[in-house]
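Shown here: structure-v2.pdb, PDB, C-alpha atoms.
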ATOM      1  CA  MET A1206     -17.242  99.863  53.398
ATOM      2  CA  PHE A1207     -14.975  96.808  53.333
ATOM      3  CA  ASP A1208     -11.186  96.645  53.565
ATOM      4  CA  THR A1209      -9.162  94.522  51.111
ATOM      5  CA  ARG A1210      -5.620  95.367  52.319
ATOM      6  CA  GLU A1211      -5.145  91.879  53.785
ATOM      7  CA  LEU A1212      -5.336  90.436  50.262
ATOM      8  CA  GLY A1213      -2.261  92.458  49.267
ATOM      9  CA  ARG A1214      -2.901  92.335  45.508
ATOM     10  CA  ARG A1215      -1.807  88.697  45.409
ATOM     11  CA  PRO A1216      -3.956  86.897  42.802
ATOM     12  CA  GLY A1217      -5.574  83.908  44.442
ATOM     13  CA  ALA A1218      -5.544  85.399  47.948
ATOM     14  CA  LEU A1219      -8.878  84.807  49.638
ATOM     15  CA  LYS A1220     -10.752  86.307  52.583
ATOM     16  CA  ARG A1221     -14.176  85.484  53.998
ATOM     17  CA  VAL A1222     -16.221  88.117  55.795
ATOM     18  CA  SER A1223     -19.539  87.864  57.657
ATOM     19  CA  ARG A1224     -21.105  91.083  58.822
ATOM     20  CA  SER A1225     -24.457  92.499  59.820
ATOM     21  CA  VAL A1226     -25.141  95.977  58.403
ATOM     22  CA  GLU A1227     -28.073  98.364  58.617
ATOM     23  CA  ALA A1228     -30.273  98.562  55.542
ATOM     24  CA  PRO A1229     -29.945 101.850  53.651
ATOM     25  CA  ARG A1230     -32.958 104.001  52.829
ATOM     26  CA  ASP A1231     -35.290 102.971  49.962
ATOM     27  CA  LEU A1232     -34.120  99.354  49.763
ATOM     28  CA  GLY A1233     -37.263  98.131  48.026
ATOM     29  CA  ASN A1234     -40.183  99.184  45.846
ATOM     30  CA  GLU A1235     -43.591 100.759  46.555
ATOM     31  CA  VAL A1236     -45.110  97.513  47.855
ATOM     32  CA  ILE A1237     -42.333  95.621  49.676
ATOM     33  CA  GLY A1238     -38.785  96.174  50.868
ATOM     34  CA  VAL A1239     -36.267  96.084  53.701
ATOM     35  CA  PRO A1240     -37.088  98.792  56.267
ATOM     36  CA  GLN A1241     -34.385 101.408  56.740
ATOM     37  CA  GLY A1242     -32.046 100.448  59.576
ATOM     38  CA  ALA A1243     -33.168  96.787  59.620
ATOM     39  CA  PRO A1244     -30.296  94.270  59.843
ATOM     40  CA  VAL A1245     -28.956  92.781  56.614
ATOM     41  CA  GLU A1246     -26.725  89.738  57.110
ATOM     42  CA  LEU A1247     -23.849  89.582  54.614
ATOM     43  CA  ASP A1248     -21.640  86.558  53.892
ATOM     44  CA  LEU A1249     -18.844  87.614  51.553
ATOM     45  CA  ARG A1250     -15.969  85.931  49.783
ATOM     46  CA  LEU A1251     -13.251  88.387  48.701
ATOM     47  CA  GLU A1252     -10.826  87.009  46.134
ATOM     48  CA  SER A1253      -7.857  88.866  44.706
ATOM     49  CA  VAL A1254      -7.594  88.594  40.911
ATOM     50  CA  MET A1255      -5.307  90.280  38.356
ATOM     51  CA  ASP A1256      -7.410  93.416  37.894
ATOM     52  CA  GLY A1257      -9.000  93.817  41.319
ATOM     53  CA  VAL A1258     -11.032  92.058  43.985
ATOM     54  CA  LEU A1259     -13.882  89.735  43.057
ATOM     55  CA  VAL A1260     -16.641  89.918  45.678
ATOM     56  CA  THR A1261     -19.112  87.036  45.833
ATOM     57  CA  GLY A1262     -21.756  87.073  48.509
ATOM     58  CA  THR A1263     -25.209  86.480  49.898
ATOM     59  CA  ALA A1264     -27.465  89.024  51.583
ATOM     60  CA  ARG A1265     -30.199  87.917  53.981
ATOM     61  CA  ALA A1266     -32.889  90.269  55.236
ATOM     62  CA  THR A1267     -36.509  90.409  56.378
ATOM     63  CA  LEU A1268     -38.845  92.083  53.912
ATOM     64  CA  LYS A1269     -41.916  93.979  55.050
ATOM     65  CA  GLY A1270     -44.768  95.097  52.855
ATOM     66  CA  GLU A1271     -48.399  94.472  52.040
ATOM     67  CA  CYS A1272     -50.351  91.984  49.976
ATOM     68  CA  VAL A1273     -51.284  93.478  46.613
ATOM     69  CA  ARG A1274     -54.678  91.730  46.685
ATOM     70  CA  CYS A1275     -56.001  92.313  50.216
ATOM     71  CA  LEU A1276     -53.563  94.981  51.533
ATOM     72  CA  GLU A1277     -52.776  92.961  54.683
ATOM     73  CA  PRO A1278     -49.239  93.445  56.092
ATOM     74  CA  LEU A1279     -46.800  90.642  55.306
ATOM     75  CA  GLU A1280     -43.219  89.589  56.061
ATOM     76  CA  ARG A1281     -40.872  87.481  53.951
ATOM     77  CA  GLU A1282     -37.287  86.296  54.327
ATOM     78  CA  LEU A1283     -35.056  87.187  51.391
ATOM     79  CA  ASP A1284     -31.804  85.512  50.311
ATOM     80  CA  SER A1285     -30.076  87.281  47.444
ATOM     81  CA  ASP A1286     -26.795  86.248  45.789
ATOM     82  CA  PHE A1287     -24.492  88.657  43.995
ATOM     83  CA  GLN A1288     -21.032  88.882  42.451
ATOM     84  CA  GLU A1289     -19.082  91.995  41.488
ATOM     85  CA  LEU A1290     -15.516  92.886  40.505
ATOM     86  CA  PHE A1291     -14.015  95.945  42.164
ATOM     87  CA  ALA A1292     -11.085  96.983  39.981
ATOM     88  CA  TYR A1293      -7.806  98.472  41.149
ATOM     89  CA  PRO A1294      -7.609 102.177  40.219
ATOM     90  CA  ASP A1295      -4.569 101.580  37.978
ATOM     91  CA  ALA A1296      -6.266  98.605  36.307
ATOM     92  CA  ASP A1297      -8.419 101.014  34.309
ATOM     93  CA  ALA A1298      -5.575 101.871  31.940
ATOM     94  CA  ARG A1299      -4.625  98.205  31.470
ATOM     95  CA  VAL A1300      -8.232  97.179  30.814
ATOM     96  CA  HIS A1301      -8.693 100.097  28.421
ATOM     97  CA  ASP A1302      -5.582  99.180  26.416
ATOM     98  CA  LYS A1303      -6.578  95.511  26.324
ATOM     99  CA  ASP A1304     -10.203  96.105  25.275
ATOM    100  CA  ALA A1305      -9.898  99.255  23.188
ATOM    101  CA  GLY A1306     -12.916  98.230  21.108
ATOM    102  CA  ASP A1307     -15.367  97.988  24.041
ATOM    103  CA  ASP A1308     -18.163 100.520  24.552
ATOM    104  CA  ALA A1309     -17.771 103.447  26.925
ATOM    105  CA  GLU A1310     -20.770 102.079  28.830
ATOM    106  CA  ASP A1311     -18.654  99.189  30.123
ATOM    107  CA  GLU A1312     -16.201 101.675  31.633
ATOM    108  CA  GLU A1313     -19.041 103.504  33.385
ATOM    109  CA  ASP A1314     -20.292 100.240  34.897
ATOM    110  CA  THR A1315     -16.871  99.372  36.349
ATOM    111  CA  LEU A1316     -16.589  99.761  40.127
ATOM    112  CA  PHE A1317     -13.209 100.697  41.614
ATOM    113  CA  LEU A1318     -11.438 100.234  44.918
ATOM    114  CA  GLU A1319     -10.572 103.451  46.726
ATOM    115  CA  ASP A1320      -7.607 103.192  49.105
ATOM    116  CA  ASP A1321      -8.127  99.403  49.137
ATOM    117  CA  LEU A1322     -11.728  99.918  50.295
ATOM    118  CA  PHE A1323     -14.958  99.210  48.451
ATOM    119  CA  ASP A1324     -18.522 100.375  49.082
ATOM    120  CA  LEU A1325     -21.025  97.540  48.666
ATOM    121  CA  GLU A1326     -24.217  99.635  48.897
ATOM    122  CA  SER A1327     -24.945  99.965  45.148
ATOM    123  CA  VAL A1328     -24.277  96.244  44.552
ATOM    124  CA  LEU A1329     -26.446  95.301  47.544
ATOM    125  CA  ARG A1330     -29.253  97.589  46.384
ATOM    126  CA  ASP A1331     -29.243  96.098  42.859
ATOM    127  CA  ALA A1332     -29.193  92.521  44.170
ATOM    128  CA  VAL A1333     -31.987  92.996  46.720
ATOM    129  CA  VAL A1334     -34.319  95.109  44.572
ATOM    130  CA  LEU A1335     -34.042  92.716  41.620
ATOM    131  CA  ALA A1336     -34.857  89.763  43.905
ATOM    132  CA  LEU A1337     -38.031  91.348  45.320
ATOM    133  CA  PRO A1338     -41.407  89.864  44.348
ATOM    134  CA  MET A1339     -43.191  92.300  42.034
ATOM    135  CA  GLN A1340     -46.677  91.236  43.196
ATOM    136  CA  PRO A1341     -46.306  89.989  46.795
ATOM    137  CA  VAL A1342     -49.338  88.153  48.213
ATOM    138  CA  CYS A1343     -50.097  86.961  51.743
ATOM    139  CA  GLN A1344     -50.982  83.516  50.335
ATOM    140  CA  ASP A1345     -51.001  82.141  46.798
ATOM    141  CA  ASP A1346     -54.796  81.817  46.676
ATOM    142  CA  CYS A1347     -55.608  85.143  48.368
ATOM    143  CA  PRO A1348     -59.056  86.172  47.025
ATOM    144  CA  GLY A1349     -58.456  89.887  47.666
ATOM    145  CA  LEU A1350     -61.096  92.476  48.557
ATOM    146  CA  CYS A1351     -64.758  92.828  47.602
ATOM    147  CA  SER A1352     -65.015  95.273  44.713
ATOM    148  CA  ASP A1353     -68.262  96.709  46.092
ATOM    149  CA  CYS A1354     -67.563  97.270  49.791
ATOM    150  CA  GLY A1355     -63.842  96.505  50.282
ATOM    151  CA  ALA A1356     -64.382  93.604  52.707
ATOM    152  CA  ARG A1357     -61.560  91.056  52.896
ATOM    153  CA  LEU A1358     -62.908  87.969  51.113
ATOM    154  CA  ALA A1359     -60.580  85.543  52.943
ATOM    155  CA  ASP A1360     -62.409  86.406  56.211
ATOM    156  CA  ASP A1361     -65.854  85.703  54.700
ATOM    157  CA  PRO A1362     -65.720  83.304  51.727
ATOM    158  CA  ASP A1363     -69.538  83.471  51.269
ATOM    159  CA  HIS A1364     -69.565  87.269  51.044
ATOM    160  CA  HIS A1365     -71.630  88.616  48.129
ATOM    161  CA  HIS A1366     -73.996  91.435  47.169
ATOM    162  CA  ASP A1367     -77.382  91.120  45.422
ATOM    163  CA  ALA A1368     -76.775  94.276  43.488
ATOM    164  CA  VAL A1369     -78.498  95.031  40.185
ATOM    165  CA  ASP A1370     -76.321  96.211  37.345
ATOM    166  CA  ILE A1371     -77.592  99.727  36.589
ATOM    167  CA  ARG A1372     -77.203  99.053  32.878
ATOM    168  CA  TRP A1373     -79.989  96.444  33.150
ATOM    169  CA  ALA A1374     -82.223  98.352  35.594
ATOM    170  CA  ALA A1375     -84.365  99.929  32.829
ATOM    171  CA  LEU A1376     -84.927  96.539  31.196
ATOM    172  CA  GLN A1377     -85.994  95.014  34.504
ATOM    173  CA  GLY A1378     -88.620  97.745  34.884
ATOM    174  CA  LEU A1379     -89.744  97.098  31.316
ATOM    175  CA  ALA A1380     -89.904  93.359  31.966
ATOM    176  CA  GLY A1381     -92.252  94.010  34.911
ATOM    177  CA  THR A1382     -94.661  96.134  32.790
ATOM    178  CA  VAL A1383     -94.615  93.611  29.932
ATOM    179  CA  LYS A1384     -95.691  90.834  32.269
ATOM    180  CA  ASP A1385     -98.609  92.918  33.535
ATOM    181  CA  GLY A1386     -99.593  93.919  29.981
ATOM    182  CA  GLU A1387     -99.404  90.343  28.746
ATOM    183  CA  LYS A1388    -101.931  89.314  31.368
ATOM    184  CA  ASP A1389    -104.327  92.085  30.300
ATOM    185  CA  ASN A1390    -103.942  91.281  26.605
ATOM    186  CA  MET A1391    -104.272  87.585  27.229
ATOM    187  CA  GLY A1392    -107.534  88.123  29.124
ATOM    188  CA  GLY A1393    -108.935  90.310  26.344
ATOM    189  CA  ALA A1394    -107.894  87.867  23.649
ATOM    190  CA  GLU A1395    -109.565  84.966  25.384
ATOM    191  CA  ALA A1396    -112.773  86.957  25.765
ATOM    192  CA  GLY A1397    -112.724  87.794  22.060
ATOM    193  CA  VAL A1398    -112.290  84.169  21.098
ATOM    194  CA  ASP A1399    -115.195  83.136  23.259
ATOM    195  CA  GLU A1400    -117.425  85.789  21.698
ATOM    196  CA  LYS A1401    -116.554  84.567  18.184
ATOM    197  CA  GLN A1402    -117.316  80.990  19.145
ATOM    198  CA  GLU A1403    -120.697  82.026  20.545
ATOM    199  CA  LYS A1404    -121.644  83.758  17.274
TER     200      LYS A1404
END
Target format structure tokens, applied to this file:
Amino acid sequence: MFDTRELGRRPGALKRVSRSVEAPRDLGNEVIGVPQGAPVELDLRLESVMDGVLVTGTARATLKGECVRCLEPLERELDSDFQELFAYPDADARVHDKDAGDDAEDEEDTLFLEDDLFDLESVLRDAVVLALPMQPVCQDDCPGLCSDCGARLADDPDHHHDAVDIRWAALQGLAGTVKDGEKDNMGGAEAGVDEKQEK
């Protein structure tokens, strides 16, 4: 929660705030995020405007997660910028009269000050989650894991398996019998030719 009373509803009044807060729960996705309770550094600029307080800021935090290719743990530094208007409670009527043709959805998206205080958690959550990498990797050229045994390929670049595709196994057996049969047939054919030549 942040206090805006010092601005006193004077358009143009400005206040800068720097604060370290604890990360709320679930500040991330399934693969990467800010651990709950980890410090999030906030640099905010609070500016009083006609209808409320315009909050512009930057959030800095350390992300923790795992590489989507090799599942190794990784850490990243995140800088996320955001801007949001927190309206005065009585500004709702003025905005509604001014923009009578706007959708009801816009009204639902409006955030309001309560007793000159605003809660930044929802804005922070939106800014951080949208800035997260969707497919984080430990390095850009991470080769991932072996599909046969799960070994990490970055640790052993020459890793491979001489496995036979089971779909071709029957043909390989057939190829072996054909080679043996060809030799037998070839021997018989040559003998037959020699006999004809003798006659």
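Candidate residues A:Phe1317, A:Trp1373, A:Phe1323, A:Phe1287 were compared for distance to Arg1210 (chain A), and the nearest is A:Phe1323, using only C-alpha atoms.
Nearest-residue note for Glu1277 (chain A): choosing from A:Ile1237, A:Asp1370, A:Val1342, A:Gln1377, the minimum distance belongs to A:Val1342, counting only C-alpha atoms.
Distance annotation: of A:Leu1276, A:Cys1343, A:Leu1322, A:Val1333, the residue with the minimal separation from Gly1355 (chain A) is A:Leu1276; atom set is all atoms listed in the file.
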Please provide as a compact mmCIF listing (two decimals) with C-alpha atoms, in the coordinates of the input all residues within 12 Å of Leu1350 (chain A), with the sequence filter that same-chain residues fewer than 5 positions apart are discarded (counting only C-alpha atoms).
# COMPACT_ATOMS: atom_id res chain seq x y z
CA CYS A 1272 -50.35 91.98 49.98
CA VAL A 1273 -51.28 93.48 46.61
CA ARG A 1274 -54.68 91.73 46.68
CA CYS A 1275 -56.00 92.31 50.22
CA LEU A 1276 -53.56 94.98 51.53
CA GLU A 1277 -52.78 92.96 54.68
CA GLY A 1355 -63.84 96.50 50.28
CA ALA A 1356 -64.38 93.60 52.71
CA ARG A 1357 -61.56 91.06 52.90
CA LEU A 1358 -62.91 87.97 51.11
CA ALA A 1359 -60.58 85.54 52.94
CA ASP A 1360 -62.41 86.41 56.21
CA ASP A 1361 -65.85 85.70 54.70
CA PRO A 1362 -65.72 83.30 51.73
CA HIS A 1364 -69.56 87.27 51.04
CA HIS A 1365 -71.63 88.62 48.13
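Using all atoms listed in the file, the nearest neighbour of Ala1336 (chain A) within the list A:Asp1286, A:Asp1208, A:Asp1256, A:Asp1231 is A:Asp1286.
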